[in-house]
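Peer 1: Got my_file_34.csv for you, CSV, C-alpha atoms:
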```csv
chain,number,residue,atom,x,y,z
G,1,MET,CA,-14.9,-28.3,-12.3
G,2,ASN,CA,-15.7,-25.4,-14.6
G,3,ARG,CA,-15.7,-23.0,-11.7
G,4,LEU,CA,-12.2,-24.3,-10.7
G,5,LEU,CA,-11.0,-23.8,-14.3
G,6,VAL,CA,-12.3,-20.2,-14.4
G,7,LEU,CA,-10.7,-19.5,-11.1
G,8,ASN,CA,-7.3,-20.9,-12.2
G,9,ASN,CA,-7.5,-18.9,-15.4
G,10,PHE,CA,-8.3,-15.7,-13.4
G,11,LEU,CA,-5.4,-16.3,-11.0
G,12,LEU,CA,-3.1,-17.0,-14.0
G,13,SER,CA,-4.1,-13.7,-15.6
G,14,LEU,CA,-3.4,-11.9,-12.4
G,15,PHE,CA,0.0,-13.5,-12.2
G,16,PHE,CA,0.9,-12.5,-15.7
G,17,ALA,CA,-0.5,-9.0,-15.4
G,18,THR,CA,1.6,-8.5,-12.2
G,19,LYS,CA,4.7,-9.9,-14.0
G,20,LEU,CA,4.2,-7.8,-17.1
G,21,HIS,CA,3.9,-4.6,-15.1
G,22,ALA,CA,6.5,-5.3,-12.5
G,23,ALA,CA,9.1,-3.1,-14.3
G,24,ALA,CA,6.9,0.0,-14.7
G,25,LEU,CA,8.1,3.1,-13.0
G,26,GLU,CA,6.1,3.9,-9.9
G,27,THR,CA,4.7,7.2,-8.7
G,28,PRO,CA,5.2,7.4,-4.9
G,29,LYS,CA,2.3,9.0,-3.1
G,30,ALA,CA,4.6,11.8,-1.9
G,31,LEU,CA,5.2,12.7,-5.6
G,32,GLU,CA,1.7,12.8,-6.8
G,33,LYS,CA,1.3,16.6,-6.4
G,34,ASP,CA,4.6,17.2,-8.2
G,35,VAL,CA,3.6,14.9,-11.1
G,36,LYS,CA,0.3,16.8,-11.4
G,37,PHE,CA,2.2,20.1,-11.6
G,38,TRP,CA,4.3,18.9,-14.5
G,39,GLU,CA,1.3,17.4,-16.3
G,40,LYS,CA,-0.2,21.0,-16.2
G,41,VAL,CA,3.1,22.4,-17.5
G,42,PHE,CA,2.9,20.0,-20.5
G,43,THR,CA,-0.8,20.5,-21.2
G,44,ASP,CA,-2.3,23.7,-19.8
G,45,TYR,CA,0.3,26.3,-20.5
G,46,SER,CA,2.3,27.4,-23.6
G,47,PRO,CA,6.0,28.2,-23.8
G,48,ASN,CA,5.0,31.9,-23.9
G,49,GLU,CA,3.4,31.7,-20.5
G,50,CYS,CA,5.0,31.8,-17.0
G,51,ILE,CA,3.5,29.9,-14.1
G,52,TYR,CA,4.5,31.6,-10.9
G,53,HIS,CA,4.7,29.0,-8.1
G,54,ASP,CA,6.4,27.8,-4.9
G,55,SER,CA,9.5,25.8,-5.9
G,56,GLU,CA,9.1,23.3,-3.0
G,57,ASN,CA,5.3,23.0,-2.9
G,58,LEU,CA,4.3,22.5,-6.5
G,59,ASP,CA,0.6,22.6,-5.9
G,60,ALA,CA,1.0,26.2,-4.7
G,61,ILE,CA,0.4,28.2,-8.0
G,62,PHE,CA,-0.2,31.9,-7.7
G,63,ALA,CA,-0.4,33.3,-11.2
G,64,ASN,CA,0.2,32.7,-14.8
G,65,ARG,CA,1.2,35.5,-17.3
G,66,LYS,CA,2.1,35.7,-20.9
G,67,VAL,CA,5.8,36.4,-21.2
G,68,PRO,CA,7.0,35.7,-24.8
G,69,ILE,CA,10.2,33.8,-25.0
G,70,ASN,CA,11.8,36.2,-27.5
G,71,ALA,CA,10.6,39.4,-25.6
G,72,LYS,CA,13.7,41.6,-25.0
G,73,ASN,CA,12.5,42.6,-21.5
G,74,ARG,CA,11.3,39.1,-20.5
G,75,ASN,CA,13.6,38.9,-17.4
G,76,LYS,CA,12.4,42.2,-16.2
G,77,ILE,CA,8.7,41.2,-16.6
G,78,ILE,CA,9.3,38.0,-14.6
G,79,ASP,CA,11.3,39.8,-11.9
G,80,ASP,CA,8.6,42.5,-11.5
G,81,GLN,CA,5.8,39.9,-11.2
G,82,ILE,CA,7.8,37.9,-8.6
G,83,ARG,CA,8.5,41.2,-6.7
G,84,ARG,CA,4.8,42.0,-6.6
G,85,LEU,CA,3.9,38.5,-5.4
G,86,LYS,CA,6.5,38.7,-2.7
G,87,ALA,CA,4.9,41.9,-1.5
G,88,GLY,CA,1.6,40.1,-1.4
G,89,ALA,CA,3.1,37.3,0.7
G,90,ASN,CA,4.6,39.8,3.1
G,91,VAL,CA,1.2,41.4,3.6
G,92,LEU,CA,-0.3,38.1,4.6
G,93,ALA,CA,2.7,37.3,6.8
G,94,LYS,CA,2.3,40.5,8.7
G,95,LEU,CA,-1.5,40.9,8.8
G,96,GLY,CA,-2.8,37.4,8.3
G,97,ARG,CA,-5.4,38.8,5.8
G,98,THR,CA,-5.6,40.1,2.2
G,99,THR,CA,-5.5,43.8,1.5
G,100,GLY,CA,-5.1,43.9,-2.3
G,101,PRO,CA,-4.9,41.9,-5.5
G,102,MET,CA,-1.4,40.4,-5.0
G,103,SER,CA,-2.1,39.2,-1.4
G,104,LYS,CA,-5.4,37.8,-2.6
G,105,LYS,CA,-3.6,35.9,-5.4
G,106,ILE,CA,-1.1,34.5,-2.8
G,107,TYR,CA,-3.9,33.5,-0.4
G,108,GLN,CA,-6.0,31.8,-3.1
G,109,GLY,CA,-3.0,30.0,-4.5
G,110,THR,CA,-1.8,28.7,-1.2
G,111,PRO,CA,-3.1,25.2,-0.4
G,112,LYS,CA,-5.2,25.1,2.8
G,113,ARG,CA,-2.6,23.0,4.6
G,114,LEU,CA,0.0,25.8,4.2
G,115,ARG,CA,-2.1,28.9,5.0
G,116,ASN,CA,-0.2,30.3,7.9
G,117,LYS,CA,2.1,33.3,8.6
G,118,SER,CA,5.3,31.2,8.8
G,119,TYR,CA,4.7,29.8,5.3
G,120,TRP,CA,4.1,33.3,3.8
G,121,GLU,CA,7.2,34.7,5.6
G,122,SER,CA,9.4,32.2,3.8
G,123,LEU,CA,7.6,32.0,0.5
G,124,GLY,CA,9.5,34.9,-1.2
G,125,LYS,CA,12.7,33.0,-1.6
G,126,ARG,CA,10.9,30.1,-3.3
G,127,LEU,CA,8.8,32.0,-5.9
G,128,ARG,CA,9.8,31.2,-9.4
G,129,CYS,CA,8.6,31.2,-13.0
G,130,GLN,CA,8.1,27.9,-14.9
G,131,ARG,CA,7.3,28.2,-18.6
G,132,GLY,CA,4.8,25.8,-20.2
G,133,VAL,CA,6.2,23.1,-22.5
G,134,ASP,CA,4.7,22.0,-25.8
G,135,LEU,CA,5.3,18.3,-26.4
G,136,SER,CA,3.4,18.1,-29.7
G,137,GLN,CA,6.5,18.3,-32.0
G,138,SER,CA,8.5,16.0,-29.8
G,139,PHE,CA,5.6,13.6,-30.0
G,140,LYS,CA,5.7,13.6,-33.8
G,141,ARG,CA,9.5,13.2,-33.9
G,142,SER,CA,9.3,10.3,-31.5
G,143,ASN,CA,7.5,8.0,-33.9
G,144,LYS,CA,10.7,7.5,-36.0
G,145,HIS,CA,12.8,6.4,-33.0
G,146,LEU,CA,10.6,4.6,-30.5
G,147,PRO,CA,10.4,1.2,-32.2
G,148,MET,CA,14.2,0.9,-32.1
G,149,ILE,CA,14.4,2.3,-28.5
G,150,ILE,CA,11.7,-0.1,-27.3
G,151,LYS,CA,13.5,-3.1,-28.9
G,152,LEU,CA,16.8,-2.2,-27.2
G,153,LEU,CA,15.1,-1.5,-23.8
G,154,GLU,CA,13.3,-4.9,-24.0
G,155,LYS,CA,16.5,-6.7,-25.0
G,156,ASN,CA,18.3,-5.2,-21.9
G,157,LYS,CA,15.4,-6.0,-19.6
G,158,ILE,CA,15.0,-2.5,-18.3
G,159,PRO,CA,11.7,-0.5,-18.0
G,160,LEU,CA,10.0,0.5,-21.2
G,161,ASP,CA,9.0,3.7,-19.4
G,162,LEU,CA,12.6,4.9,-20.0
G,163,LYS,CA,11.7,5.5,-23.6
G,164,TYR,CA,10.2,8.8,-22.5
G,165,LEU,CA,13.6,10.2,-21.4
G,166,PRO,CA,14.4,11.7,-24.8
G,167,TYR,CA,11.3,13.9,-24.5
G,168,LEU,CA,13.0,15.6,-21.6
G,169,GLU,CA,16.6,15.4,-22.9
G,170,SER,CA,16.3,16.4,-26.6
G,171,GLY,CA,12.7,16.4,-27.7
G,172,PHE,CA,13.8,13.6,-30.0
G,173,HIS,CA,16.2,15.9,-31.9
G,174,THR,CA,19.1,13.7,-32.9
G,175,ARG,CA,21.7,16.4,-33.4
G,176,ILE,CA,20.7,19.0,-30.8
G,177,ARG,CA,23.5,20.3,-28.5
G,178,SER,CA,23.2,21.8,-25.0
G,179,LYS,CA,25.2,24.7,-23.7
G,180,ALA,CA,27.3,22.2,-21.7
G,181,ASN,CA,28.1,20.3,-24.9
G,182,ALA,CA,25.8,17.3,-24.3
G,183,ARG,CA,24.4,16.1,-27.6
G,184,GLY,CA,22.0,13.7,-29.3
G,185,LEU,CA,18.7,12.0,-28.4
G,186,TRP,CA,20.0,11.2,-24.9
G,187,GLN,CA,22.1,14.3,-24.4
G,188,ILE,CA,25.3,12.5,-23.5
G,189,MET,CA,28.4,14.5,-22.5
G,190,PRO,CA,31.6,13.9,-24.6
G,191,SER,CA,33.7,12.3,-21.8
G,192,VAL,CA,30.8,10.1,-20.8
G,193,ALA,CA,30.2,9.1,-24.4
G,194,ARG,CA,33.8,8.0,-24.8
G,195,ARG,CA,33.7,5.9,-21.7
G,196,LEU,CA,30.6,4.2,-23.0
G,197,GLY,CA,32.4,3.3,-26.3
G,198,LEU,CA,31.1,6.1,-28.6
G,199,LYS,CA,33.4,7.9,-30.9
G,200,VAL,CA,33.4,11.7,-30.4
G,201,ASN,CA,35.8,13.7,-32.5
G,202,ARG,CA,35.8,16.3,-35.2
G,203,HIS,CA,35.2,13.7,-37.9
G,204,ARG,CA,32.5,11.6,-36.2
G,205,ASP,CA,30.1,12.0,-33.3
G,206,ASP,CA,28.3,8.9,-32.4
G,207,ARG,CA,26.0,10.8,-30.1
G,208,THR,CA,24.0,11.9,-33.1
G,209,ASN,CA,23.5,8.3,-34.3
G,210,PRO,CA,20.2,7.3,-32.7
G,211,TYR,CA,21.0,3.6,-32.6
G,212,ARG,CA,24.5,3.9,-31.2
G,213,SER,CA,23.6,6.6,-28.7
G,214,THR,CA,20.6,4.6,-27.4
G,215,ILE,CA,22.9,1.5,-26.8
G,216,ALA,CA,25.2,3.9,-24.9
G,217,ALA,CA,22.4,5.5,-22.9
G,218,ILE,CA,21.0,2.1,-21.9
G,219,LYS,CA,24.5,0.9,-20.8
G,220,LEU,CA,24.8,4.0,-18.6
G,221,LEU,CA,21.3,3.6,-17.2
G,222,LYS,CA,22.0,0.0,-16.3
G,223,LYS,CA,25.3,1.0,-14.5
G,224,LEU,CA,23.4,3.7,-12.6
G,225,LYS,CA,20.7,1.3,-11.5
G,226,LYS,CA,23.3,-1.2,-10.3
G,227,LYS,CA,25.1,1.4,-8.3
G,228,HIS,CA,22.2,3.3,-6.9
G,229,LYS,CA,19.8,0.4,-6.4
G,230,LYS,CA,16.5,2.0,-7.3
G,231,TRP,CA,15.2,3.5,-10.6
G,232,PRO,CA,14.2,6.9,-9.3
G,233,LEU,CA,17.7,7.4,-8.0
G,234,ALA,CA,19.3,6.0,-11.1
G,235,ILE,CA,17.2,8.2,-13.4
G,236,THR,CA,18.0,11.3,-11.2
G,237,ALA,CA,21.6,10.4,-11.3
G,238,TYR,CA,21.4,10.3,-15.1
G,239,ASN,CA,20.7,14.1,-14.9
G,240,TYR,CA,22.6,14.9,-11.7
G,241,GLY,CA,25.7,12.8,-12.0
G,242,SER,CA,26.6,9.5,-10.4
G,243,ASN,CA,29.1,10.9,-7.9
G,244,GLY,CA,26.6,13.4,-6.5
G,245,MET,CA,24.0,10.7,-6.1
G,246,ALA,CA,26.5,8.5,-4.3
G,247,ARG,CA,27.1,11.3,-1.8
G,248,ALA,CA,23.4,11.7,-1.3
G,249,THR,CA,22.8,8.0,-0.7
G,250,LYS,CA,25.7,7.8,1.7
G,251,LYS,CA,24.0,10.5,3.8
G,252,TYR,CA,20.3,9.6,3.4
G,253,GLY,CA,20.3,6.0,2.2
G,254,TYR,CA,18.4,4.8,-0.9
G,255,ASP,CA,15.2,6.7,0.0
G,256,TYR,CA,14.4,8.9,-3.1
G,257,ILE,CA,11.8,11.0,-1.3
G,258,LYS,CA,14.1,11.8,1.6
G,259,ILE,CA,17.0,12.7,-0.8
G,260,LYS,CA,14.6,14.9,-2.9
G,261,LYS,CA,13.5,16.8,0.2
G,262,ARG,CA,16.7,17.0,2.2
G,263,HIS,CA,19.7,16.8,-0.1
G,264,LYS,CA,21.1,20.3,-0.8
G,265,THR,CA,24.0,21.3,-3.0
G,266,SER,CA,24.5,24.1,-5.6
G,267,VAL,CA,23.9,21.5,-8.4
G,268,PHE,CA,21.0,19.6,-6.8
G,269,GLY,CA,18.5,22.4,-7.6
G,270,PHE,CA,15.0,22.6,-8.9
G,271,ALA,CA,15.6,21.0,-12.3
G,272,VAL,CA,17.4,17.9,-10.8
G,273,LYS,CA,14.9,17.4,-8.0
G,274,ASN,CA,12.1,17.5,-10.6
G,275,TYR,CA,13.7,15.3,-13.2
G,276,TYR,CA,12.0,12.0,-12.1
G,277,PRO,CA,8.5,13.5,-11.5
G,278,SER,CA,8.7,15.3,-14.8
G,279,LEU,CA,9.5,12.0,-16.5
G,280,LEU,CA,6.5,10.4,-14.9
G,281,ALA,CA,4.3,13.3,-16.0
G,282,THR,CA,5.7,13.1,-19.6
G,283,ARG,CA,4.7,9.4,-19.7
G,284,ASN,CA,1.2,10.2,-18.5
G,285,VAL,CA,0.7,13.1,-20.9
G,286,VAL,CA,2.1,11.2,-23.9
G,287,ARG,CA,-0.2,8.2,-23.1
G,288,ASP,CA,-3.2,10.6,-23.0
G,289,ILE,CA,-2.2,12.3,-26.3
G,290,ARG,CA,-1.9,8.8,-27.8
G,291,LYS,CA,-5.2,7.7,-26.4
G,292,GLY,CA,-7.1,10.7,-27.7
G,293,SER,CA,-5.7,10.5,-31.3
G,294,HIS,CA,-8.0,7.8,-32.7
G,295,ALA,CA,-11.0,5.6,-31.8
G,296,THR,CA,-10.1,2.4,-30.1
G,297,LYS,CA,-11.5,-1.1,-29.7
G,298,LYS,CA,-10.6,-4.1,-27.5
G,299,TYR,CA,-8.8,-7.2,-28.8
G,300,LYS,CA,-8.4,-10.6,-27.1
G,301,VAL,CA,-4.9,-12.0,-27.6
G,302,ARG,CA,-4.8,-15.5,-29.2
G,303,ARG,CA,-2.3,-18.2,-28.6
G,304,GLY,CA,0.9,-17.7,-30.6
G,305,GLU,CA,0.3,-14.0,-31.2
G,306,ASN,CA,2.9,-11.3,-30.3
G,307,LEU,CA,2.6,-7.6,-29.9
G,308,THR,CA,4.3,-6.7,-33.2
G,309,LEU,CA,1.9,-9.0,-35.1
G,310,ILE,CA,-1.1,-7.5,-33.4
G,311,ALA,CA,0.1,-4.0,-34.0
G,312,LYS,CA,0.6,-4.7,-37.7
G,313,LYS,CA,-2.8,-6.5,-37.9
G,314,PHE,CA,-4.6,-3.3,-36.9
G,315,LYS,CA,-2.2,-0.9,-38.7
G,316,ASN,CA,-0.9,0.4,-35.3
G,317,ARG,CA,2.6,1.2,-34.4
G,318,LEU,CA,4.2,-0.9,-31.7
G,319,HIS,CA,4.8,2.0,-29.3
G,320,GLU,CA,1.2,3.1,-29.8
G,321,VAL,CA,-0.2,-0.2,-28.5
G,322,ILE,CA,2.3,-0.1,-25.6
G,323,ASP,CA,1.3,3.5,-24.6
G,324,LEU,CA,-2.4,2.8,-25.1
G,325,ASN,CA,-2.3,-0.2,-22.7
G,326,HIS,CA,0.3,1.1,-20.3
G,327,LEU,CA,2.5,-1.9,-21.0
G,328,SER,CA,5.9,-2.4,-19.3
G,329,SER,CA,6.8,-5.4,-21.5
G,330,THR,CA,6.1,-6.6,-25.1
G,331,LYS,CA,5.3,-10.1,-23.7
G,332,LEU,CA,1.7,-11.2,-23.9
G,333,TYR,CA,-0.3,-14.2,-22.7
G,334,PRO,CA,-3.4,-15.8,-24.4
G,335,GLY,CA,-6.6,-14.2,-23.3
G,336,GLN,CA,-5.0,-10.9,-22.4
G,337,ARG,CA,-7.2,-8.0,-23.5
G,338,LEU,CA,-5.6,-5.1,-25.4
G,339,LYS,CA,-6.9,-1.8,-26.7
G,340,VAL,CA,-5.9,-1.1,-30.3
G,341,PHE,CA,-6.5,1.9,-32.6
G,342,VAL,CA,-9.2,1.6,-35.2
G,343,ARG,CA,-7.8,2.7,-38.6
```
Show me the file's structure as structure tokens.

Peer 2:
Amino acid sequence: MNRLLVLNNFLLSLFFATKLHAAALETPKALEKDVKFWEKVFTDYSPNECIYHDSENLDAIFANRKVPINAKNRNKIIDDQIRRLKAGANVLAKLGRTTGPMSKKIYQGTPKRLRNKSYWESLGKRLRCQRGVDLSQSFKRSNKHLPMIIKLLEKNKIPLDLKYLPYLESGFHTRIRSKANARGLWQIMPSVARRLGLKVNRHRDDRTNPYRSTIAAIKLLKKLKKKHKKWPLAITAYNYGSNGMARATKKYGYDYIKIKKRHKTSVFGFAVKNYYPSLLATRNVVRDIRKGSHATKKYKVRRGENLTLIAKKFKNRLHEVIDLNHLSSTKLYPGQRLKVFVR
């Protein structure tokens, strides 16, 4: 009888664990290399460094060089490096072997599966520079806004992983404005903001209000999910535009990987294609930063306890416990084991 009870409890815990994590954003196997690339961008390189890589095969990295953001001749430095790398790729394409430092860099940076003349012949048009990104200041700013964002995401029953979007959009700056006039935590365009019920005029701009703009962003994300069926497509549409995504799904169906590989327009470029994988990478990196910030211990959830209560009990922030345990919901069940920070 005891064995049966233990088995039932085990199966119940599996059921709840599956249910709790059902809404987490998934990393398709075909995206794993791309996500790893962006994790490196966020952790291994500074904004003053350029990573020279293949724009379509992100595990093909050929060099990294210091190129200060404010250097007057930064574009020339980048162009010269790309020109030298192109020359190295051309040598490999013609001779099939290395003859100097640049061809050696290209060869060493090319994954084994791609080491052939046809790859090196076409590589030149795909070489680009990606600067490193420092998430540390965004991480600090996020603490002020994440409790509110989590509460609203939970209320609207959409993945808590969407709380990482402001890292990409604004770095959790509430008043920042893009060149295209998108503004606020969620970088919403004026016309879109008005359609979502925000006031945008010379006297008032609700996009700079964290609470109102978060409600609007969630409303938009829910609409995009309803229209484009899957979260990777809805999230990409948030950056790319709903009409463009509708044209892509009409041609390729609701297959995110197929759209990422095959869809080609002047707007659907490198940044848009990498919006979803960079979001997944941001989530992973933020979780790791959070995990490494303090010592932890395990806690067994008791009947009647909720996540907010447990967080307060151990002087943790709610979003810290969520990140630490990779939770996709604030709902708990008795007997569930959580990690908490020791403070």

Peer 1: Which residue gives the smallest distance to Trp231 of chain G among G:Ala295, G:Leu25, G:Val267, G:Leu324, with only C-alpha atoms counted?

Peer 2: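 Among the listed residues, the smallest separation from Trp231 of chain G belongs to G:Leu25.
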
Peer 1: Figure out the distance between atom CA of Pro232 of chain G and atom CA of Glu32 of chain G, please, to one decimal in Å.

Peer 2: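 If I compute the distance from atom CA of Glu32 of chain G to atom CA of Pro232 of chain G, I get 14.0 Å.
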
Peer 1: With segment 81-93 of chain G as the partner and 12 Å as the cut-off, tabulate the residues of segment 128-203 of chain G that qualify, each row holding the nearest pair of atoms and their distance in Å to one decimal, using all atoms listed in the file, sorted by chain and rising number, as a Markdown table.

Peer 2:
```
| residue | atom | partner | partner_atom | distance |
| --- | --- | --- | --- | --- |
| G:Arg128 | CA | G:Ile82 | CA | 7.0 |
| G:Cys129 | CA | G:Ile82 | CA | 8.1 |
| G:Gln130 | CA | G:Ile82 | CA | 11.8 |
```

Peer 1: What does the distance from atom CA of Phe268 of chain G to atom CA of Arg195 of chain G come to in Å, to one decimal?

Peer 2: 23.9 Å

Peer 1: Would you mind telling me which residue in G:Leu279, G:Val286, G:Ala217, G:Met189 lies nearest to Phe139 of chain G when using all atoms listed in the file?

Peer 2: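 Smallest separation from Phe139 of chain G among the options: G:Val286.
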
Peer 1: State, in Å with one decimal place, the distance from atom CA of Ile322 of chain G to atom CA of Arg303 of chain G.

Peer 2: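 These atoms are spaced 18.9 Å apart.
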
Peer 1: Missing atoms in segment 263-291 of chain G need filling: write out N, CA and C atoms for it as a PDB file, in the frame of the given file.

Peer 2:
```pdb
ATOM      1  N   HIS G 263      18.391  16.661   0.493  1.00  0.00           N
ATOM      2  CA  HIS G 263      19.700  16.800  -0.100  1.00  0.00           C
ATOM      3  C   HIS G 263      19.860  18.253  -0.671  1.00  0.00           C
ATOM      4  N   LYS G 264      20.904  18.941  -0.290  1.00  0.00           N
ATOM      5  CA  LYS G 264      21.100  20.300  -0.800  1.00  0.00           C
ATOM      6  C   LYS G 264      22.545  20.529  -1.202  1.00  0.00           C
ATOM      7  N   THR G 265      22.689  20.863  -2.469  1.00  0.00           N
ATOM      8  CA  THR G 265      24.000  21.300  -3.000  1.00  0.00           C
ATOM      9  C   THR G 265      23.668  22.355  -4.059  1.00  0.00           C
ATOM     10  N   SER G 266      24.709  23.029  -4.534  1.00  0.00           N
ATOM     11  CA  SER G 266      24.500  24.100  -5.600  1.00  0.00           C
ATOM     12  C   SER G 266      24.006  23.456  -6.873  1.00  0.00           C
ATOM     13  N   VAL G 267      24.328  22.184  -7.106  1.00  0.00           N
ATOM     14  CA  VAL G 267      23.900  21.500  -8.400  1.00  0.00           C
ATOM     15  C   VAL G 267      22.594  20.824  -8.231  1.00  0.00           C
ATOM     16  N   PHE G 268      22.284  20.346  -7.042  1.00  0.00           N
ATOM     17  CA  PHE G 268      21.000  19.600  -6.800  1.00  0.00           C
ATOM     18  C   PHE G 268      19.909  20.622  -6.610  1.00  0.00           C
ATOM     19  N   GLY G 269      19.542  21.298  -7.694  1.00  0.00           N
ATOM     20  CA  GLY G 269      18.500  22.400  -7.600  1.00  0.00           C
ATOM     21  C   GLY G 269      17.187  21.903  -8.131  1.00  0.00           C
ATOM     22  N   PHE G 270      16.364  22.869  -8.485  1.00  0.00           N
ATOM     23  CA  PHE G 270      15.000  22.600  -8.900  1.00  0.00           C
ATOM     24  C   PHE G 270      14.875  21.616 -10.036  1.00  0.00           C
ATOM     25  N   ALA G 271      15.670  21.817 -11.079  1.00  0.00           N
ATOM     26  CA  ALA G 271      15.600  21.000 -12.300  1.00  0.00           C
ATOM     27  C   ALA G 271      15.926  19.520 -11.955  1.00  0.00           C
ATOM     28  N   VAL G 272      16.978  19.313 -11.190  1.00  0.00           N
ATOM     29  CA  VAL G 272      17.400  17.900 -10.800  1.00  0.00           C
ATOM     30  C   VAL G 272      16.367  17.274  -9.954  1.00  0.00           C
ATOM     31  N   LYS G 273      15.878  18.002  -8.956  1.00  0.00           N
ATOM     32  CA  LYS G 273      14.900  17.400  -8.000  1.00  0.00           C
ATOM     33  C   LYS G 273      13.608  17.033  -8.779  1.00  0.00           C
ATOM     34  N   ASN G 274      13.317  17.707  -9.865  1.00  0.00           N
ATOM     35  CA  ASN G 274      12.100  17.500 -10.600  1.00  0.00           C
ATOM     36  C   ASN G 274      12.262  16.620 -11.849  1.00  0.00           C
ATOM     37  N   TYR G 275      13.438  16.060 -12.022  1.00  0.00           N
ATOM     38  CA  TYR G 275      13.700  15.300 -13.200  1.00  0.00           C
ATOM     39  C   TYR G 275      12.837  14.005 -13.257  1.00  0.00           C
ATOM     40  N   TYR G 276      12.814  13.272 -12.151  1.00  0.00           N
ATOM     41  CA  TYR G 276      12.000  12.000 -12.100  1.00  0.00           C
ATOM     42  C   TYR G 276      10.510  12.325 -12.179  1.00  0.00           C
ATOM     43  N   PRO G 277       9.961  13.249 -11.346  1.00  0.00           N
ATOM     44  CA  PRO G 277       8.500  13.500 -11.500  1.00  0.00           C
ATOM     45  C   PRO G 277       8.124  14.064 -12.853  1.00  0.00           C
ATOM     46  N   SER G 278       9.010  14.844 -13.491  1.00  0.00           N
ATOM     47  CA  SER G 278       8.700  15.300 -14.800  1.00  0.00           C
ATOM     48  C   SER G 278       8.693  14.222 -15.861  1.00  0.00           C
ATOM     49  N   LEU G 279       9.526  13.195 -15.636  1.00  0.00           N
ATOM     50  CA  LEU G 279       9.500  12.000 -16.500  1.00  0.00           C
ATOM     51  C   LEU G 279       8.203  11.266 -16.381  1.00  0.00           C
ATOM     52  N   LEU G 280       7.751  11.074 -15.144  1.00  0.00           N
ATOM     53  CA  LEU G 280       6.500  10.400 -14.900  1.00  0.00           C
ATOM     54  C   LEU G 280       5.322  11.177 -15.553  1.00  0.00           C
ATOM     55  N   ALA G 281       5.366  12.497 -15.427  1.00  0.00           N
ATOM     56  CA  ALA G 281       4.300  13.300 -16.000  1.00  0.00           C
ATOM     57  C   ALA G 281       4.357  13.241 -17.548  1.00  0.00           C
ATOM     58  N   THR G 282       5.559  13.221 -18.116  1.00  0.00           N
ATOM     59  CA  THR G 282       5.700  13.100 -19.600  1.00  0.00           C
ATOM     60  C   THR G 282       5.048  11.779 -20.034  1.00  0.00           C
ATOM     61  N   ARG G 283       5.350  10.709 -19.327  1.00  0.00           N
ATOM     62  CA  ARG G 283       4.700   9.400 -19.700  1.00  0.00           C
ATOM     63  C   ARG G 283       3.213   9.512 -19.648  1.00  0.00           C
ATOM     64  N   ASN G 284       2.663  10.095 -18.605  1.00  0.00           N
ATOM     65  CA  ASN G 284       1.200  10.200 -18.500  1.00  0.00           C
ATOM     66  C   ASN G 284       0.585  11.031 -19.585  1.00  0.00           C
ATOM     67  N   VAL G 285       1.234  12.154 -19.888  1.00  0.00           N
ATOM     68  CA  VAL G 285       0.700  13.100 -20.900  1.00  0.00           C
ATOM     69  C   VAL G 285       0.793  12.428 -22.296  1.00  0.00           C
ATOM     70  N   VAL G 286       1.918  11.799 -22.602  1.00  0.00           N
ATOM     71  CA  VAL G 286       2.100  11.200 -23.900  1.00  0.00           C
ATOM     72  C   VAL G 286       1.040  10.051 -24.085  1.00  0.00           C
ATOM     73  N   ARG G 287       0.821   9.283 -23.033  1.00  0.00           N
ATOM     74  CA  ARG G 287      -0.200   8.200 -23.100  1.00  0.00           C
ATOM     75  C   ARG G 287      -1.588   8.844 -23.408  1.00  0.00           C
ATOM     76  N   ASP G 288      -1.883   9.960 -22.749  1.00  0.00           N
ATOM     77  CA  ASP G 288      -3.200  10.600 -23.000  1.00  0.00           C
ATOM     78  C   ASP G 288      -3.303  11.164 -24.387  1.00  0.00           C
ATOM     79  N   ILE G 289      -2.196  11.753 -24.879  1.00  0.00           N
ATOM     80  CA  ILE G 289      -2.200  12.300 -26.300  1.00  0.00           C
ATOM     81  C   ILE G 289      -2.450  11.104 -27.231  1.00  0.00           C
ATOM     82  N   ARG G 290      -1.748  10.003 -26.963  1.00  0.00           N
ATOM     83  CA  ARG G 290      -1.900   8.800 -27.800  1.00  0.00           C
ATOM     84  C   ARG G 290      -3.320   8.302 -27.783  1.00  0.00           C
ATOM     85  N   LYS G 291      -3.882   8.232 -26.578  1.00  0.00           N
ATOM     86  CA  LYS G 291      -5.200   7.700 -26.400  1.00  0.00           C
ATOM     87  C   LYS G 291      -6.272   8.515 -27.131  1.00  0.00           C
TER      88      LYS G 291
END
```
